[in-house]
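Here is the file my_file29.cif (mmCIF, C-alpha atoms).
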```cif
data_model
#
loop_
_atom_site.group_PDB
_atom_site.id
_atom_site.type_symbol
_atom_site.label_atom_id
_atom_site.label_comp_id
_atom_site.auth_asym_id
_atom_site.auth_seq_id
_atom_site.Cartn_x
_atom_site.Cartn_y
_atom_site.Cartn_z
ATOM 1 C CA MET A 1 36.631 -14.071 -34.765
ATOM 2 C CA LEU A 2 34.022 -13.306 -32.087
ATOM 3 C CA ASP A 3 30.774 -14.850 -33.270
ATOM 4 C CA ILE A 4 27.899 -13.809 -30.963
ATOM 5 C CA GLN A 5 24.598 -15.369 -31.883
ATOM 6 C CA THR A 6 21.548 -13.315 -30.853
ATOM 7 C CA HIS A 7 18.738 -15.261 -32.454
ATOM 8 C CA MET A 8 16.375 -17.943 -31.206
ATOM 9 C CA ASP A 9 15.262 -20.697 -33.505
ATOM 10 C CA PHE A 10 11.554 -21.373 -33.948
ATOM 11 C CA VAL A 11 11.403 -24.165 -31.365
ATOM 12 C CA GLY A 12 13.291 -21.929 -28.954
ATOM 13 C CA GLN A 13 10.806 -19.093 -29.464
ATOM 14 C CA ALA A 14 7.881 -21.378 -28.708
ATOM 15 C CA LYS A 15 9.693 -22.663 -25.631
ATOM 16 C CA ALA A 16 10.478 -19.146 -24.416
ATOM 17 C CA GLU A 17 6.866 -18.060 -24.755
ATOM 18 C CA ARG A 18 5.534 -21.142 -22.998
ATOM 19 C CA TRP A 19 8.012 -20.791 -20.123
ATOM 20 C CA SER A 20 7.304 -17.108 -19.608
ATOM 21 C CA ARG A 21 3.563 -17.827 -19.431
ATOM 22 C CA LEU A 22 4.089 -20.716 -17.023
ATOM 23 C CA ILE A 23 6.439 -18.841 -14.691
ATOM 24 C CA ILE A 24 4.291 -15.710 -14.443
ATOM 25 C CA THR A 25 1.070 -17.693 -13.960
ATOM 26 C CA PHE A 26 2.727 -19.861 -11.317
ATOM 27 C CA PHE A 27 3.983 -16.864 -9.339
ATOM 28 C CA GLY A 28 0.599 -15.179 -9.723
ATOM 29 C CA VAL A 29 -1.207 -18.155 -8.216
ATOM 30 C CA ILE A 30 1.336 -18.474 -5.399
ATOM 31 C CA GLY A 31 1.045 -14.737 -4.748
ATOM 32 C CA LEU A 32 -2.736 -14.907 -4.638
ATOM 33 C CA ILE A 33 -2.698 -17.782 -2.162
ATOM 34 C CA TYR A 34 -0.022 -16.214 0.051
ATOM 35 C CA GLY A 35 -1.621 -12.767 -0.097
ATOM 36 C CA GLY A 36 -4.959 -14.312 0.810
ATOM 37 C CA ILE A 37 -3.435 -16.069 3.797
ATOM 38 C CA VAL A 38 -1.653 -13.012 5.188
ATOM 39 C CA GLN A 39 -4.460 -10.683 3.940
ATOM 40 C CA GLN A 40 -2.002 -8.332 2.241
ATOM 41 C CA PHE A 41 -2.635 -7.718 -1.428
ATOM 42 C CA SER A 42 0.733 -5.944 -1.690
ATOM 43 C CA GLN A 43 2.434 -9.302 -1.052
ATOM 44 C CA THR A 44 0.543 -10.727 -4.030
ATOM 45 C CA VAL A 45 1.824 -7.921 -6.226
ATOM 46 C CA TYR A 46 5.406 -8.319 -4.995
ATOM 47 C CA ILE A 47 5.392 -12.057 -5.638
ATOM 48 C CA LEU A 48 4.032 -11.482 -9.125
ATOM 49 C CA GLY A 49 6.852 -8.951 -9.597
ATOM 50 C CA VAL A 50 9.403 -11.601 -8.612
ATOM 51 C CA GLY A 51 7.830 -13.925 -11.157
ATOM 52 C CA PHE A 52 8.091 -11.213 -13.783
ATOM 53 C CA LEU A 53 11.794 -10.700 -13.042
ATOM 54 C CA ILE A 54 12.585 -14.416 -13.126
ATOM 55 C CA SER A 55 10.624 -14.877 -16.324
ATOM 56 C CA SER A 56 12.388 -11.889 -17.887
ATOM 57 C CA LEU A 57 15.777 -13.305 -16.953
ATOM 58 C CA ILE A 58 15.012 -16.755 -18.305
ATOM 59 C CA THR A 59 13.060 -16.046 -21.458
ATOM 60 C CA ILE A 60 14.031 -12.607 -22.751
ATOM 61 C CA PRO A 61 17.802 -12.921 -23.422
ATOM 62 C CA PRO A 62 18.586 -15.282 -26.336
ATOM 63 C CA TRP A 63 20.287 -17.958 -24.242
ATOM 64 C CA PRO A 64 22.167 -20.658 -26.172
ATOM 65 C CA PHE A 65 19.680 -23.403 -25.184
ATOM 66 C CA TYR A 66 17.071 -21.681 -27.345
ATOM 67 C CA ARG A 67 19.251 -22.515 -30.361
ATOM 68 C CA ASN A 68 19.263 -26.305 -30.185
ATOM 69 C CA ASN A 69 17.039 -26.860 -33.212
ATOM 70 C CA PRO A 70 18.613 -24.971 -36.080
ATOM 71 C CA LEU A 71 16.759 -24.901 -39.372
ATOM 72 C CA LYS A 72 17.988 -27.380 -41.963
ATOM 73 C CA TRP A 73 18.689 -25.169 -44.901
ATOM 74 C CA GLN A 74 19.057 -26.663 -48.342
ATOM 75 C CA LYS A 75 22.558 -26.852 -49.626
ATOM 76 C CA PRO A 76 23.375 -23.791 -51.670
ATOM 77 C CA VAL A 77 23.236 -24.457 -55.409
ATOM 78 C CA ILE A 78 26.718 -24.097 -56.868
ATOM 79 C CA THR A 79 26.612 -21.542 -59.632
ATOM 80 C CA GLU A 80 30.354 -21.163 -60.178
ATOM 81 C CA GLN A 81 30.083 -20.641 -63.897
ATOM 82 C CA LYS A 82 27.522 -17.836 -63.676
ATOM 83 C CA SER A 83 29.369 -15.952 -60.967
ATOM 84 C CA GLN A 84 32.605 -16.269 -62.891
ATOM 85 C CA THR A 85 31.059 -14.901 -66.057
ATOM 86 C CA GLY A 86 29.412 -12.143 -64.035
ATOM 87 C CA ASP A 87 32.728 -11.237 -62.468
ATOM 88 C CA SER A 88 34.504 -11.204 -65.784
ATOM 89 C CA SER A 89 31.878 -8.982 -67.334
ATOM 90 C CA ASP A 90 32.098 -6.604 -64.364
ATOM 91 C CA GLU A 91 35.815 -6.515 -64.713
ATOM 92 C CA GLY A 92 35.489 -5.871 -68.374
ATOM 93 C CA LYS A 93 33.148 -2.929 -67.736
ATOM 94 C CA ALA A 94 35.484 -1.523 -65.139
ATOM 95 C CA LYS A 95 38.357 -1.800 -67.522
ATOM 96 C CA LYS A 96 36.347 -0.070 -70.177
ATOM 97 C CA LYS A 97 35.505 2.757 -67.812
ATOM 98 C CA ASP A 98 39.086 3.085 -66.787
ATOM 99 C CA LYS A 99 40.115 3.437 -70.407
ATOM 100 C CA MET B 1 8.906 -13.689 -30.088
ATOM 101 C CA HIS B 2 11.931 -13.376 -32.364
ATOM 102 C CA THR B 3 13.689 -10.399 -30.775
ATOM 103 C CA VAL B 4 14.462 -9.258 -27.250
ATOM 104 C CA LEU B 5 11.985 -6.406 -27.587
ATOM 105 C CA THR B 6 9.029 -8.532 -28.668
ATOM 106 C CA ARG B 7 9.730 -11.006 -25.893
ATOM 107 C CA GLY B 8 10.008 -8.177 -23.364
ATOM 108 C CA ASN B 9 6.767 -6.699 -24.609
ATOM 109 C CA ALA B 10 4.972 -10.033 -24.363
ATOM 110 C CA THR B 11 6.268 -10.635 -20.832
ATOM 111 C CA VAL B 12 5.227 -7.203 -19.578
ATOM 112 C CA ALA B 13 1.808 -7.464 -21.216
ATOM 113 C CA TYR B 14 1.162 -10.907 -19.814
ATOM 114 C CA SER B 15 2.308 -9.862 -16.324
ATOM 115 C CA LEU B 16 -0.109 -6.952 -16.370
ATOM 116 C CA SER B 17 -2.949 -9.198 -17.532
ATOM 117 C CA VAL B 18 -2.212 -11.576 -14.672
ATOM 118 C CA LEU B 19 -2.089 -8.646 -12.252
ATOM 119 C CA ALA B 20 -5.513 -7.473 -13.453
ATOM 120 C CA CYS B 21 -6.838 -10.998 -13.005
ATOM 121 C CA LEU B 22 -5.419 -11.232 -9.467
ATOM 122 C CA THR B 23 -6.909 -7.852 -8.582
ATOM 123 C CA PHE B 24 -10.271 -9.084 -9.770
ATOM 124 C CA CYS B 25 -9.889 -12.199 -7.617
ATOM 125 C CA CYS B 26 -9.118 -9.954 -4.639
ATOM 126 C CA PHE B 27 -12.270 -7.934 -5.354
ATOM 127 C CA ALA B 28 -14.387 -11.047 -5.895
ATOM 128 C CA SER B 29 -13.218 -12.578 -2.615
ATOM 129 C CA THR B 30 -14.543 -9.608 -0.616
ATOM 130 C CA VAL B 31 -17.557 -8.421 -2.599
ATOM 131 C CA PHE B 32 -20.087 -10.239 -0.413
ATOM 132 C CA GLN B 33 -18.273 -9.461 2.833
ATOM 133 C CA ASN B 34 -20.471 -8.148 5.621
ATOM 134 C CA TYR B 35 -18.717 -5.085 6.969
ATOM 135 C CA ARG B 36 -21.280 -4.135 9.638
ATOM 136 C CA THR B 37 -20.179 -4.246 13.219
ATOM 137 C CA ASP B 38 -21.235 -2.935 16.605
ATOM 138 C CA ALA B 39 -20.631 0.545 17.918
ATOM 139 C CA LYS B 40 -21.615 2.036 21.233
ATOM 140 C CA ILE B 41 -22.427 5.718 21.074
ATOM 141 C CA ASN B 42 -23.523 7.803 24.008
ATOM 142 C CA THR B 43 -23.994 11.516 24.563
ATOM 143 C CA VAL B 44 -22.538 13.109 27.660
ATOM 144 C CA ARG B 45 -23.481 16.773 27.586
ATOM 145 C CA VAL B 46 -26.119 18.233 25.304
ATOM 146 C CA LEU B 47 -27.024 21.885 24.957
ATOM 147 C CA VAL B 48 -28.604 24.039 22.345
ATOM 148 C CA LYS B 49 -27.972 27.717 21.742
ATOM 149 C CA ASN B 50 -29.661 30.290 19.576
ATOM 150 C CA VAL B 51 -26.951 32.299 17.866
ATOM 151 C CA PRO B 52 -26.607 34.259 14.617
ATOM 152 C CA ASP B 53 -25.380 32.084 11.768
ATOM 153 C CA TYR B 54 -22.905 34.447 10.096
ATOM 154 C CA GLY B 55 -21.888 31.691 7.683
ATOM 155 C CA ALA B 56 -25.308 31.738 6.064
ATOM 156 C CA SER B 57 -28.222 34.100 6.589
ATOM 157 C CA ARG B 58 -27.097 36.011 9.722
ATOM 158 C CA GLU B 59 -30.397 35.114 11.287
ATOM 159 C CA LYS B 60 -30.482 33.384 14.608
ATOM 160 C CA HIS B 61 -30.416 29.654 14.149
ATOM 161 C CA ASP B 62 -30.175 26.740 16.526
ATOM 162 C CA LEU B 63 -26.680 25.490 17.218
ATOM 163 C CA GLY B 64 -26.317 22.243 19.075
ATOM 164 C CA PHE B 65 -23.382 21.414 21.315
ATOM 165 C CA LEU B 66 -22.693 17.922 22.444
ATOM 166 C CA THR B 67 -19.942 15.705 23.678
ATOM 167 C CA PHE B 68 -20.099 12.013 23.067
ATOM 168 C CA ASP B 69 -18.575 8.676 23.952
ATOM 169 C CA LEU B 70 -17.762 6.253 21.178
ATOM 170 C CA GLU B 71 -16.637 2.686 21.585
ATOM 171 C CA THR B 72 -16.140 0.310 18.707
ATOM 172 C CA ASN B 73 -13.722 -2.306 17.434
ATOM 173 C CA LEU B 74 -13.172 -2.131 13.687
ATOM 174 C CA THR B 75 -10.278 -4.603 13.492
ATOM 175 C CA ASP B 76 -12.451 -7.194 11.772
ATOM 176 C CA VAL B 77 -13.495 -4.750 9.063
ATOM 177 C CA PHE B 78 -9.989 -4.703 7.628
ATOM 178 C CA ASN B 79 -9.106 -7.345 5.083
ATOM 179 C CA TRP B 80 -6.794 -7.471 2.074
ATOM 180 C CA ASN B 81 -9.156 -5.323 0.025
ATOM 181 C CA VAL B 82 -9.503 -2.498 2.569
ATOM 182 C CA LYS B 83 -6.939 0.267 2.475
ATOM 183 C CA GLN B 84 -8.563 2.713 4.836
ATOM 184 C CA LEU B 85 -11.783 3.563 6.576
ATOM 185 C CA PHE B 86 -13.421 6.947 6.682
ATOM 186 C CA LEU B 87 -15.581 7.078 9.783
ATOM 187 C CA PHE B 88 -18.203 9.724 10.185
ATOM 188 C CA LEU B 89 -20.750 10.433 12.870
ATOM 189 C CA THR B 90 -24.055 11.786 11.599
ATOM 190 C CA ALA B 91 -26.962 13.292 13.476
ATOM 191 C CA GLU B 92 -30.334 12.626 11.904
ATOM 192 C CA TYR B 93 -33.511 14.375 12.994
ATOM 193 C CA GLU B 94 -36.827 15.588 11.755
ATOM 194 C CA THR B 95 -38.062 19.160 11.801
ATOM 195 C CA THR B 96 -41.307 20.743 10.720
ATOM 196 C CA SER B 97 -39.723 22.023 7.513
ATOM 197 C CA ASN B 98 -37.671 18.950 6.618
ATOM 198 C CA GLN B 99 -38.509 15.336 7.087
ATOM 199 C CA LEU B 100 -34.868 14.279 7.208
ATOM 200 C CA ASN B 101 -31.933 16.408 8.308
ATOM 201 C CA GLN B 102 -28.455 14.933 8.338
ATOM 202 C CA VAL B 103 -25.504 16.730 9.885
ATOM 203 C CA VAL B 104 -22.005 15.316 9.993
ATOM 204 C CA LEU B 105 -20.563 16.082 13.415
ATOM 205 C CA TRP B 106 -17.260 14.261 13.477
ATOM 206 C CA ASP B 107 -15.088 12.137 11.262
ATOM 207 C CA LYS B 108 -11.873 10.155 11.375
ATOM 208 C CA ILE B 109 -9.636 8.311 8.948
ATOM 209 C CA ILE B 110 -8.225 4.959 10.018
ATOM 210 C CA LEU B 111 -5.457 3.655 7.794
ATOM 211 C CA ARG B 112 -4.638 0.003 7.531
ATOM 212 C CA GLY B 113 -2.290 -1.003 10.332
ATOM 213 C CA GLN B 114 -3.372 1.808 12.613
ATOM 214 C CA ASN B 115 -5.172 1.079 15.842
ATOM 215 C CA ALA B 116 -8.772 0.260 14.938
ATOM 216 C CA VAL B 117 -10.005 -0.213 18.496
ATOM 217 C CA LEU B 118 -11.665 3.063 19.333
ATOM 218 C CA ASP B 119 -12.647 4.090 22.824
ATOM 219 C CA PHE B 120 -13.310 7.807 22.999
ATOM 220 C CA LYS B 121 -14.675 9.463 26.078
ATOM 221 C CA ASN B 122 -16.335 12.853 26.210
ATOM 222 C CA MET B 123 -15.269 13.854 22.697
ATOM 223 C CA ASN B 124 -16.105 17.210 21.235
ATOM 224 C CA THR B 125 -17.636 17.332 17.789
ATOM 225 C CA LYS B 126 -15.379 18.426 14.945
ATOM 226 C CA TYR B 127 -18.026 20.323 12.995
ATOM 227 C CA TYR B 128 -20.791 22.706 14.020
ATOM 228 C CA PHE B 129 -24.207 21.244 14.565
ATOM 229 C CA TRP B 130 -26.186 23.968 12.853
ATOM 230 C CA ASP B 131 -29.833 23.583 12.104
ATOM 231 C CA ASP B 132 -31.176 25.664 9.236
ATOM 232 C CA GLY B 133 -33.887 27.088 11.468
ATOM 233 C CA ASN B 134 -34.980 26.472 15.006
ATOM 234 C CA GLY B 135 -35.509 22.762 14.862
ATOM 235 C CA LEU B 136 -33.075 21.652 17.556
ATOM 236 C CA LYS B 137 -34.597 23.188 20.668
ATOM 237 C CA ASP B 138 -36.808 20.654 22.391
ATOM 238 C CA ASN B 139 -36.210 18.121 19.617
ATOM 239 C CA LYS B 140 -37.171 14.839 21.210
ATOM 240 C CA ASN B 141 -35.643 12.487 18.712
ATOM 241 C CA VAL B 142 -32.144 13.056 17.392
ATOM 242 C CA THR B 143 -30.285 9.951 16.250
ATOM 243 C CA LEU B 144 -26.520 9.623 16.224
ATOM 244 C CA ILE B 145 -25.304 7.176 13.605
ATOM 245 C CA LEU B 146 -21.760 6.014 12.987
ATOM 246 C CA SER B 147 -21.022 5.060 9.373
ATOM 247 C CA TRP B 148 -17.888 4.338 7.438
ATOM 248 C CA ASN B 149 -16.718 4.426 3.883
ATOM 249 C CA ILE B 150 -14.488 1.554 2.900
ATOM 250 C CA ILE B 151 -11.698 2.541 0.527
ATOM 251 C CA PRO B 152 -10.702 -0.682 -1.233
ATOM 252 C CA ASN B 153 -7.780 -1.766 -3.409
ATOM 253 C CA ALA B 154 -10.231 -2.690 -6.108
ATOM 254 C CA GLY B 155 -13.976 -2.702 -6.458
ATOM 255 C CA LEU B 156 -16.882 -0.997 -4.768
ATOM 256 C CA LEU B 157 -16.749 1.906 -2.360
ATOM 257 C CA PRO B 158 -19.419 0.898 0.122
ATOM 258 C CA THR B 159 -20.841 3.021 2.899
ATOM 259 C CA VAL B 160 -21.641 0.904 5.910
ATOM 260 C CA GLN B 161 -23.692 1.817 8.943
ATOM 261 C CA ALA B 162 -22.727 0.592 12.374
ATOM 262 C CA LEU B 163 -25.231 -1.592 14.159
ATOM 263 C CA GLY B 164 -25.515 0.549 17.261
ATOM 264 C CA ILE B 165 -27.243 3.945 17.166
ATOM 265 C CA HIS B 166 -28.002 6.424 19.921
ATOM 266 C CA ARG B 167 -31.080 8.566 20.370
ATOM 267 C CA PHE B 168 -31.098 11.657 22.524
ATOM 268 C CA LYS B 169 -33.138 14.801 23.002
ATOM 269 C CA PHE B 170 -32.200 18.434 23.102
ATOM 270 C CA PRO B 171 -33.201 20.520 26.131
ATOM 271 C CA ALA B 172 -36.315 22.625 25.936
ATOM 272 C CA GLU B 173 -34.441 25.811 26.902
ATOM 273 C CA TYR B 174 -31.627 27.641 25.160
ATOM 274 C CA SER B 175 -28.395 27.883 27.067
ATOM 275 C CA SER B 176 -27.055 31.377 27.565
ATOM 276 C CA SER B 177 -25.005 32.601 24.612
ATOM 277 C CA ILE B 178 -21.245 32.295 24.550
#
```

Spit out the file's structure as structure tokens when you get a sec.
Amino acid sequence: MLDIQTHMDFVGQAKAERWSRLIITFFGVIGLIYGGIVQQFSQTVYILGVGFLISSLITIPPWPFYRNNPLKWQKPVITEQKSQTGDSSDEGKAKKKDK
Amino acid sequence: MHTVLTRGNATVAYSLSVLACLTFCCFASTVFQNYRTDAKINTVRVLVKNVPDYGASREKHDLGFLTFDLETNLTDVFNWNVKQLFLFLTAEYETTSNQLNQVVLWDKIILRGQNAVLDFKNMNTKYYFWDDGNGLKDNKNVTLILSWNIIPNAGLLPTVQALGIHRFKFPAEYSSSI
């Protein structure tokens, strides 16, 4: 079966947020410096836009490397007996209805 | 940050915050900039006529005619927080009824990237030089002042006066009507 995972684990979410902040801030600073040198504020805005696109590509889709720290769930408690009795009672009711 | 939409929202919001911060930096880097620069203004031909002002009272008012030379280099005024300049040439003079009269005679828009080295010879005014009475004839002290509005990307909208001004006088006789 095709099993597509679309979630991020908690560590992955923290990582994604930190990377998006870092990338956008970095491109903003570079844009400010470059725009100041060439005296064109539009260049600053474009460079920030590039940073936005790169950050979007890296941190918005749930890439597999954001799923490296899965939660350790407790083992499910085996309640065979209960479920069996439940099933049998359901069956019994169904039978009764049928009759 | 647990779904694509919340992450997208956070990224867009943070990008816009950074953009606002950068815009403020751009404003802060130019807020103390001195935008004044030299301009050479000179009048070539000056006459004054006494004609009916049909735009206002229909009475005969003084109408000045002049041609002027203007030479200035505004290249240094442009920086990354200046989108365009609005130049305007004002005549200032005193009459018996008003201590200060200001009439805009000419204006020009210079966009960023356009030629900012101006050298005009014998230019006509764009707008009529009407006085609201008869204060132009034999006026000994009329001052031509070049000023400009700076239209910025962000921040203040200063009006700057050029360093050079020109004083001239109107003739003591009316020229014959048109």

Which residues come within 12 Å of Val29 of chain A, counting only C-alpha atoms, excluding same-chain residues fewer than 4 positions away, as an mmCIF file with C-alpha atoms, in the frame of the given file?
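As a result, selection36.cif now contains:
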```cif
data_model
loop_
_atom_site.group_PDB
_atom_site.id
_atom_site.type_symbol
_atom_site.label_atom_id
_atom_site.label_comp_id
_atom_site.auth_asym_id
_atom_site.auth_seq_id
_atom_site.Cartn_x
_atom_site.Cartn_y
_atom_site.Cartn_z
ATOM 1 C CA LEU A 22 4.089 -20.716 -17.023
ATOM 2 C CA ILE A 23 6.439 -18.841 -14.691
ATOM 3 C CA ILE A 24 4.291 -15.710 -14.443
ATOM 4 C CA THR A 25 1.070 -17.693 -13.960
ATOM 5 C CA ILE A 33 -2.698 -17.782 -2.162
ATOM 6 C CA TYR A 34 -0.022 -16.214 0.051
ATOM 7 C CA GLY A 35 -1.621 -12.767 -0.097
ATOM 8 C CA GLY A 36 -4.959 -14.312 0.810
ATOM 9 C CA GLN A 43 2.434 -9.302 -1.052
ATOM 10 C CA THR A 44 0.543 -10.727 -4.030
ATOM 11 C CA VAL A 45 1.824 -7.921 -6.226
ATOM 12 C CA ILE A 47 5.392 -12.057 -5.638
ATOM 13 C CA LEU A 48 4.032 -11.482 -9.125
ATOM 14 C CA GLY A 51 7.830 -13.925 -11.157
ATOM 15 C CA VAL B 18 -2.212 -11.576 -14.672
ATOM 16 C CA LEU B 19 -2.089 -8.646 -12.252
ATOM 17 C CA CYS B 21 -6.838 -10.998 -13.005
ATOM 18 C CA LEU B 22 -5.419 -11.232 -9.467
ATOM 19 C CA THR B 23 -6.909 -7.852 -8.582
ATOM 20 C CA CYS B 25 -9.889 -12.199 -7.617
ATOM 21 C CA CYS B 26 -9.118 -9.954 -4.639
#
```

**Message:** Tell me as a PyMOL selection string which residues belonging to chain B come within 10 Å of chain A, counting all atoms listed in the file.
**Reply:** chain B and resi 1-12+14-16+18-19+21-23+25-26+29+78-83+153

Dump of C-alpha atoms for the selected residues, as a short mmCIF file (atom, residue, chain, number, x, y, z; two decimals), in the frame of the given file:
```cif
data_model
loop_
_atom_site.label_atom_id
_atom_site.label_comp_id
_atom_site.auth_asym_id
_atom_site.auth_seq_id
_atom_site.Cartn_x
_atom_site.Cartn_y
_atom_site.Cartn_z
CA MET B 1 8.91 -13.69 -30.09
CA HIS B 2 11.93 -13.38 -32.36
CA THR B 3 13.69 -10.40 -30.78
CA VAL B 4 14.46 -9.26 -27.25
CA LEU B 5 11.98 -6.41 -27.59
CA THR B 6 9.03 -8.53 -28.67
CA ARG B 7 9.73 -11.01 -25.89
CA GLY B 8 10.01 -8.18 -23.36
CA ASN B 9 6.77 -6.70 -24.61
CA ALA B 10 4.97 -10.03 -24.36
CA THR B 11 6.27 -10.64 -20.83
CA VAL B 12 5.23 -7.20 -19.58
CA TYR B 14 1.16 -10.91 -19.81
CA SER B 15 2.31 -9.86 -16.32
CA LEU B 16 -0.11 -6.95 -16.37
CA VAL B 18 -2.21 -11.58 -14.67
CA LEU B 19 -2.09 -8.65 -12.25
CA CYS B 21 -6.84 -11.00 -13.00
CA LEU B 22 -5.42 -11.23 -9.47
CA THR B 23 -6.91 -7.85 -8.58
CA CYS B 25 -9.89 -12.20 -7.62
CA CYS B 26 -9.12 -9.95 -4.64
CA SER B 29 -13.22 -12.58 -2.62
CA PHE B 78 -9.99 -4.70 7.63
CA ASN B 79 -9.11 -7.34 5.08
CA TRP B 80 -6.79 -7.47 2.07
CA ASN B 81 -9.16 -5.32 0.02
CA VAL B 82 -9.50 -2.50 2.57
CA LYS B 83 -6.94 0.27 2.48
CA ASN B 153 -7.78 -1.77 -3.41
#
```

Which residues of segment 21-63 of chain B come within 12 Å of segment 116-125 of chain B, and what is each one's closest atom pair and distance in Å (one decimal), counting all atoms listed in the file, sorted by chain and residue number, as JSON lines?
```
{"residue": "B:Asp38", "atom": "CA", "partner": "B:Leu118", "partner_atom": "CA", "distance": 11.6}
{"residue": "B:Ala39", "atom": "CA", "partner": "B:Leu118", "partner_atom": "CA", "distance": 9.4}
{"residue": "B:Lys40", "atom": "CA", "partner": "B:Asp119", "partner_atom": "CA", "distance": 9.3}
{"residue": "B:Ile41", "atom": "CA", "partner": "B:Phe120", "partner_atom": "CA", "distance": 9.5}
{"residue": "B:Asn42", "atom": "CA", "partner": "B:Asn122", "partner_atom": "CA", "distance": 9.1}
{"residue": "B:Thr43", "atom": "CA", "partner": "B:Asn122", "partner_atom": "CA", "distance": 7.9}
{"residue": "B:Val44", "atom": "CA", "partner": "B:Asn122", "partner_atom": "CA", "distance": 6.4}
{"residue": "B:Arg45", "atom": "CA", "partner": "B:Asn122", "partner_atom": "CA", "distance": 8.3}
{"residue": "B:Val46", "atom": "CA", "partner": "B:Asn124", "partner_atom": "CA", "distance": 10.9}
```

**Request:** Could you jot down the atom CA of Phe65 of chain A to atom CA of Arg18 of chain A separation for me, Å, one decimal place?
**Result:** 14.5 Å

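In this model, the gap between atom CA of Thr96 of chain B and atom CA of Leu136 of chain B comes to 10.7 Å.
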
**Message:** Neighbouring residues of Phe65 of chain B were defined as those with any atom within 7 Å, considering all atoms listed in the file; residues of the same chain fewer than 4 positions away were excluded. Please report them as an NGL selection string.
**Reply:** :B and (46-48 or 129)

**Request:** Determine the residue set returned by the PyMOL selection byres ((chain B and resi 50) around 10) for the present structure, and present it as a PyMOL selection string.
**Result:** chain B and resi 48-49+51-53+59-64+130+133-134+136-137+173-178

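Going from atom CA of Ala172 of chain B over to atom CA of Thr143 of chain B, you cover 17.1 Å.
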
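Here the PyMOL selection byres ((chain B and resi 100) around 12) captures the residues Thr90, Ala91, Glu92, Tyr93, Glu94, Thr95, Thr96, Ser97, Asn98, Gln99, Asn101, Gln102, Val103, Asp131, Gly135, Asn141, Val142 and Thr143 of chain B.
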
**Message:** Please return as a VMD selection string every residue within 12 Å of (-24.3, 2.9, 1.3), taking into account all atoms listed in the file and the file's own coordinates.
**Reply:** chain B and resid 35 to 36 147 to 150 156 to 162

Give me the box for segment 47-61 of chain B as JSON, namely the centre and edge lengths in Å to one decimal of a box along x, y and z that holds every listed atom plus 5 Å on each side.
```
{"center_x": -26.2, "center_y": 28.9, "center_z": 15.5, "size_x": 18.6, "size_y": 24.1, "size_z": 28.9}
```

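Residues within 8 Å of segment 85-89 of chain B, counting all atoms listed in the file and excluding same-chain residues fewer than 6 positions away, are Val104, Leu105, Trp106, Asp107, Lys108, Ile109, Ile110, Leu111, Leu144, Ile145, Leu146, Ser147, Trp148, Asn149, Ile150 and Ile151 of chain B.
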